[in-house]
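Remarks on the structure that follows.
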Amino acid sequence: MSMTTNTHNERWSLRLGRGAGRAWRGYLRREQRVAGWLVTRGVPAGATSTVLWIIKLAVLGALLYSAFWLALLLVFAVVAAWLARNVDYDDECQPEWREGHGGFGLYDKNEWRHDTGDPDEP
(Lines give C-alpha, C1' and ligand atoms only; values in the text may rest on other atoms or scores of the structure.)
Protein backbone atom coordinates (compact mmCIF):
# COMPACT_ATOMS: atom_id res chain seq x y z
CA MET A 1 0.00 0.00 0.00
CA SER A 2 1.52 3.30 -1.07
CA MET A 3 0.78 6.66 0.44
CA THR A 4 0.27 9.52 -1.99
CA THR A 5 1.46 12.96 -1.01
CA ASN A 6 0.47 16.26 -2.52
CA THR A 7 3.71 17.49 -4.15
CA HIS A 8 2.19 20.34 -6.22
CA ASN A 9 2.68 18.52 -9.51
CA GLU A 10 -0.61 19.93 -10.73
CA ARG A 11 -0.69 22.54 -13.42
CA TRP A 12 -0.90 26.13 -12.27
CA SER A 13 -4.14 26.62 -14.21
CA LEU A 14 -5.77 23.79 -12.25
CA ARG A 15 -4.68 25.30 -8.95
CA LEU A 16 -5.85 28.73 -10.08
CA GLY A 17 -9.25 27.35 -11.07
CA ARG A 18 -9.66 25.53 -7.77
CA GLY A 19 -8.73 28.70 -5.88
CA ALA A 20 -11.22 30.75 -7.89
CA GLY A 21 -13.92 28.15 -7.19
CA ARG A 22 -13.21 28.24 -3.47
CA ALA A 23 -13.33 32.05 -3.51
CA TRP A 24 -16.67 32.03 -5.38
CA ARG A 25 -18.22 29.51 -2.99
CA GLY A 26 -16.98 31.58 -0.05
CA TYR A 27 -18.54 34.69 -1.58
CA LEU A 28 -21.87 32.89 -2.07
CA ARG A 29 -21.84 31.69 1.56
CA ARG A 30 -21.24 35.21 2.80
CA GLU A 31 -23.96 36.58 0.53
CA GLN A 32 -26.44 34.03 1.90
CA ARG A 33 -25.37 34.93 5.43
CA VAL A 34 -25.99 38.65 4.75
CA ALA A 35 -29.36 37.87 3.14
CA GLY A 36 -30.35 35.79 6.18
CA TRP A 37 -29.22 38.54 8.52
CA LEU A 38 -31.31 41.12 6.63
CA VAL A 39 -34.39 38.84 6.66
CA THR A 40 -34.05 38.31 10.43
CA ARG A 41 -33.98 42.10 10.83
CA GLY A 42 -37.38 42.33 9.14
CA VAL A 43 -36.36 43.22 5.58
CA PRO A 44 -38.57 41.43 3.03
CA ALA A 45 -36.85 38.74 0.94
CA GLY A 46 -37.52 40.62 -2.32
CA ALA A 47 -35.99 43.80 -0.94
CA THR A 48 -33.00 41.81 0.33
CA SER A 49 -32.41 40.41 -3.13
CA THR A 50 -32.74 43.89 -4.63
CA VAL A 51 -30.26 45.39 -2.14
CA LEU A 52 -27.72 42.65 -2.88
CA TRP A 53 -28.09 43.19 -6.65
CA ILE A 54 -27.63 46.95 -6.21
CA ILE A 55 -24.42 46.32 -4.27
CA LYS A 56 -23.17 43.91 -6.96
CA LEU A 57 -23.91 46.41 -9.73
CA ALA A 58 -22.23 49.23 -7.81
CA VAL A 59 -19.08 47.15 -7.36
CA LEU A 60 -19.14 46.14 -11.03
CA GLY A 61 -19.57 49.79 -12.05
CA ALA A 62 -16.61 50.86 -9.90
CA LEU A 63 -14.44 48.11 -11.42
CA LEU A 64 -15.43 49.06 -14.96
CA TYR A 65 -14.79 52.75 -14.22
CA SER A 66 -11.31 51.95 -12.91
CA ALA A 67 -10.58 49.63 -15.84
CA PHE A 68 -11.64 52.35 -18.30
CA TRP A 69 -9.24 54.92 -16.87
CA LEU A 70 -6.40 52.42 -16.63
CA ALA A 71 -6.96 51.39 -20.26
CA LEU A 72 -7.05 55.04 -21.33
CA LEU A 73 -3.80 55.69 -19.46
CA LEU A 74 -2.23 52.68 -21.17
CA VAL A 75 -3.35 53.93 -24.59
CA PHE A 76 -1.83 57.36 -23.93
CA ALA A 77 1.42 55.76 -22.76
CA VAL A 78 1.62 53.59 -25.89
CA VAL A 79 0.88 56.56 -28.17
CA ALA A 80 3.48 58.72 -26.39
CA ALA A 81 6.08 55.95 -26.68
CA TRP A 82 5.27 55.49 -30.36
CA LEU A 83 5.54 59.22 -31.03
CA ALA A 84 8.82 59.46 -29.14
CA ARG A 85 10.21 56.55 -31.14
CA ASN A 86 9.08 57.85 -34.53
CA VAL A 87 9.84 61.54 -34.13
CA ASP A 88 11.89 62.83 -37.06
CA TYR A 89 14.46 65.35 -35.95
CA ASP A 90 15.00 67.70 -38.84
CA ASP A 91 18.70 68.48 -39.18
CA GLU A 92 17.88 71.68 -41.07
CA CYS A 93 16.33 73.19 -37.97
CA GLN A 94 19.43 72.58 -35.88
CA PRO A 95 21.89 75.48 -35.83
CA GLU A 96 25.37 74.69 -37.13
CA TRP A 97 28.79 76.28 -36.88
CA ARG A 98 29.78 77.96 -40.16
CA GLU A 99 30.87 81.16 -41.82
CA GLY A 100 27.94 83.55 -42.26
CA HIS A 101 27.20 87.23 -42.91
CA GLY A 102 28.33 88.11 -39.41
CA GLY A 103 31.50 86.00 -39.42
CA PHE A 104 32.08 82.48 -38.17
CA GLY A 105 29.39 81.43 -35.70
CA LEU A 106 26.35 79.32 -34.92
CA TYR A 107 23.73 79.89 -37.65
CA ASP A 108 20.31 78.36 -38.33
CA LYS A 109 18.80 77.74 -41.77
CA ASN A 110 17.44 81.33 -41.90
CA GLU A 111 20.93 82.78 -41.46
CA TRP A 112 20.22 83.95 -37.92
CA ARG A 113 23.25 83.84 -35.64
CA HIS A 114 22.63 82.09 -32.29
CA ASP A 115 25.95 82.42 -30.50
CA THR A 116 26.93 85.48 -28.50
CA GLY A 117 29.87 86.39 -30.67
CA ASP A 118 30.63 89.95 -31.69
CA PRO A 119 29.88 90.39 -35.42
CA ASP A 120 32.58 93.12 -35.67
CA GLU A 121 35.38 90.74 -34.62
CA PRO A 122 36.74 88.24 -37.16
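Chain labels follow the order of the C-alpha coordinates: the first chain is A, the next B, and so on; residue numbering restarts at 1 in every chain, and ligands are counted from 1 in their shown order.
Of the residues in stretch 17-105 of chain A, those given strand (DSSP E) by DSSP on the backbone are Glu96, Trp97, Arg98, Glu99, Gly100, Gly103, Phe104 and Gly105 of chain A.
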Just to be explicit: take each residue in the selection above, keep N, CA, C and O atoms, and write the result as a PDB file, in the first residue's frame.
ATOM      1  N   GLU A  96      24.063  75.300 -36.885  1.00  0.00           N
ATOM      2  CA  GLU A  96      25.371  74.689 -37.125  1.00  0.00           C
ATOM      3  C   GLU A  96      26.439  75.779 -37.184  1.00  0.00           C
ATOM      4  O   GLU A  96      26.161  76.932 -37.492  1.00  0.00           O
ATOM      5  N   TRP A  97      27.668  75.349 -36.863  1.00  0.00           N
ATOM      6  CA  TRP A  97      28.793  76.285 -36.884  1.00  0.00           C
ATOM      7  C   TRP A  97      29.269  76.431 -38.319  1.00  0.00           C
ATOM      8  O   TRP A  97      29.586  75.456 -38.997  1.00  0.00           O
ATOM      9  N   ARG A  98      29.306  77.705 -38.803  1.00  0.00           N
ATOM     10  CA  ARG A  98      29.781  77.962 -40.163  1.00  0.00           C
ATOM     11  C   ARG A  98      30.049  79.451 -40.332  1.00  0.00           C
ATOM     12  O   ARG A  98      29.743  80.265 -39.456  1.00  0.00           O
ATOM     13  N   GLU A  99      30.594  79.759 -41.485  1.00  0.00           N
ATOM     14  CA  GLU A  99      30.871  81.155 -41.822  1.00  0.00           C
ATOM     15  C   GLU A  99      29.589  81.770 -42.375  1.00  0.00           C
ATOM     16  O   GLU A  99      28.966  81.218 -43.284  1.00  0.00           O
ATOM     17  N   GLY A 100      29.159  82.893 -41.816  1.00  0.00           N
ATOM     18  CA  GLY A 100      27.936  83.548 -42.261  1.00  0.00           C
ATOM     19  C   GLY A 100      28.169  85.023 -42.503  1.00  0.00           C
ATOM     20  O   GLY A 100      29.300  85.499 -42.535  1.00  0.00           O
ATOM     21  N   GLY A 103      30.274  86.693 -39.795  1.00  0.00           N
ATOM     22  CA  GLY A 103      31.496  86.001 -39.416  1.00  0.00           C
ATOM     23  C   GLY A 103      31.198  84.555 -39.032  1.00  0.00           C
ATOM     24  O   GLY A 103      30.076  84.062 -39.173  1.00  0.00           O
ATOM     25  N   PHE A 104      32.253  83.886 -38.540  1.00  0.00           N
ATOM     26  CA  PHE A 104      32.081  82.484 -38.170  1.00  0.00           C
ATOM     27  C   PHE A 104      31.255  82.414 -36.887  1.00  0.00           C
ATOM     28  O   PHE A 104      31.525  83.116 -35.921  1.00  0.00           O
ATOM     29  N   GLY A 105      30.229  81.553 -36.873  1.00  0.00           N
ATOM     30  CA  GLY A 105      29.390  81.434 -35.698  1.00  0.00           C
ATOM     31  C   GLY A 105      28.349  80.345 -35.857  1.00  0.00           C
ATOM     32  O   GLY A 105      28.386  79.543 -36.791  1.00  0.00           O
TER      33      GLY A 105
END
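Residues in contact with A:His114 at up to 8 Å, not including ones fewer than 4 positions away on its chain and judged by only C-alpha atoms, are Pro95, Gly105, Leu106, Tyr107 and Asp108 of chain A.
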Can those selected residues be exported to a file as a PDB file, in the first residue's frame so that it contains all heavy atoms?
ATOM      1  N   PRO A  95      20.843  74.525 -35.446  1.00  0.00           N
ATOM      2  CA  PRO A  95      21.889  75.479 -35.826  1.00  0.00           C
ATOM      3  C   PRO A  95      23.228  74.759 -36.007  1.00  0.00           C
ATOM      4  O   PRO A  95      23.479  73.737 -35.382  1.00  0.00           O
ATOM      5  CB  PRO A  95      21.949  76.451 -34.663  1.00  0.00           C
ATOM      6  CG  PRO A  95      20.956  76.005 -33.670  1.00  0.00           C
ATOM      7  CD  PRO A  95      20.298  74.774 -34.154  1.00  0.00           C
ATOM      8  N   GLY A 105      30.229  81.553 -36.873  1.00  0.00           N
ATOM      9  CA  GLY A 105      29.390  81.434 -35.698  1.00  0.00           C
ATOM     10  C   GLY A 105      28.349  80.345 -35.857  1.00  0.00           C
ATOM     11  O   GLY A 105      28.386  79.543 -36.791  1.00  0.00           O
ATOM     12  N   LEU A 106      27.408  80.329 -34.953  1.00  0.00           N
ATOM     13  CA  LEU A 106      26.345  79.316 -34.920  1.00  0.00           C
ATOM     14  C   LEU A 106      25.120  79.885 -35.624  1.00  0.00           C
ATOM     15  O   LEU A 106      24.433  80.757 -35.098  1.00  0.00           O
ATOM     16  CB  LEU A 106      26.019  78.961 -33.458  1.00  0.00           C
ATOM     17  CG  LEU A 106      25.082  77.794 -33.225  1.00  0.00           C
ATOM     18  CD1 LEU A 106      25.678  76.497 -33.762  1.00  0.00           C
ATOM     19  CD2 LEU A 106      24.788  77.631 -31.743  1.00  0.00           C
ATOM     20  N   TYR A 107      24.812  79.361 -36.835  1.00  0.00           N
ATOM     21  CA  TYR A 107      23.730  79.889 -37.654  1.00  0.00           C
ATOM     22  C   TYR A 107      22.653  78.826 -37.861  1.00  0.00           C
ATOM     23  O   TYR A 107      22.948  77.645 -37.993  1.00  0.00           O
ATOM     24  CB  TYR A 107      24.252  80.313 -39.030  1.00  0.00           C
ATOM     25  CG  TYR A 107      25.119  81.547 -38.986  1.00  0.00           C
ATOM     26  CD1 TYR A 107      26.493  81.440 -38.850  1.00  0.00           C
ATOM     27  CD2 TYR A 107      24.560  82.804 -39.088  1.00  0.00           C
ATOM     28  CE1 TYR A 107      27.290  82.560 -38.812  1.00  0.00           C
ATOM     29  CE2 TYR A 107      25.351  83.929 -39.059  1.00  0.00           C
ATOM     30  CZ  TYR A 107      26.716  83.801 -38.920  1.00  0.00           C
ATOM     31  OH  TYR A 107      27.494  84.925 -38.887  1.00  0.00           O
ATOM     32  N   ASP A 108      21.393  79.292 -37.964  1.00  0.00           N
ATOM     33  CA  ASP A 108      20.313  78.360 -38.328  1.00  0.00           C
ATOM     34  C   ASP A 108      20.069  78.456 -39.830  1.00  0.00           C
ATOM     35  O   ASP A 108      20.790  79.156 -40.550  1.00  0.00           O
ATOM     36  CB  ASP A 108      19.044  78.651 -37.528  1.00  0.00           C
ATOM     37  CG  ASP A 108      18.444  80.007 -37.825  1.00  0.00           C
ATOM     38  OD1 ASP A 108      18.921  80.687 -38.743  1.00  0.00           O
ATOM     39  OD2 ASP A 108      17.474  80.373 -37.133  1.00  0.00           O
TER      40      ASP A 108
END
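Using only C-alpha atoms, the shortest contact distance between A:Leu52 and any of A:Leu73, A:Leu64, A:Leu28, A:Ala81 is found at A:Leu28.
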Worksheet item: When you draw a straight line from atom CA of A:Val34 to atom CA of A:Val51, how long is it in Å?
Response: 10.5 Å
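Our summary of the geometry notes that atom CA of A:Trp53 is positioned 14.9 Å from atom CA of A:Arg33.
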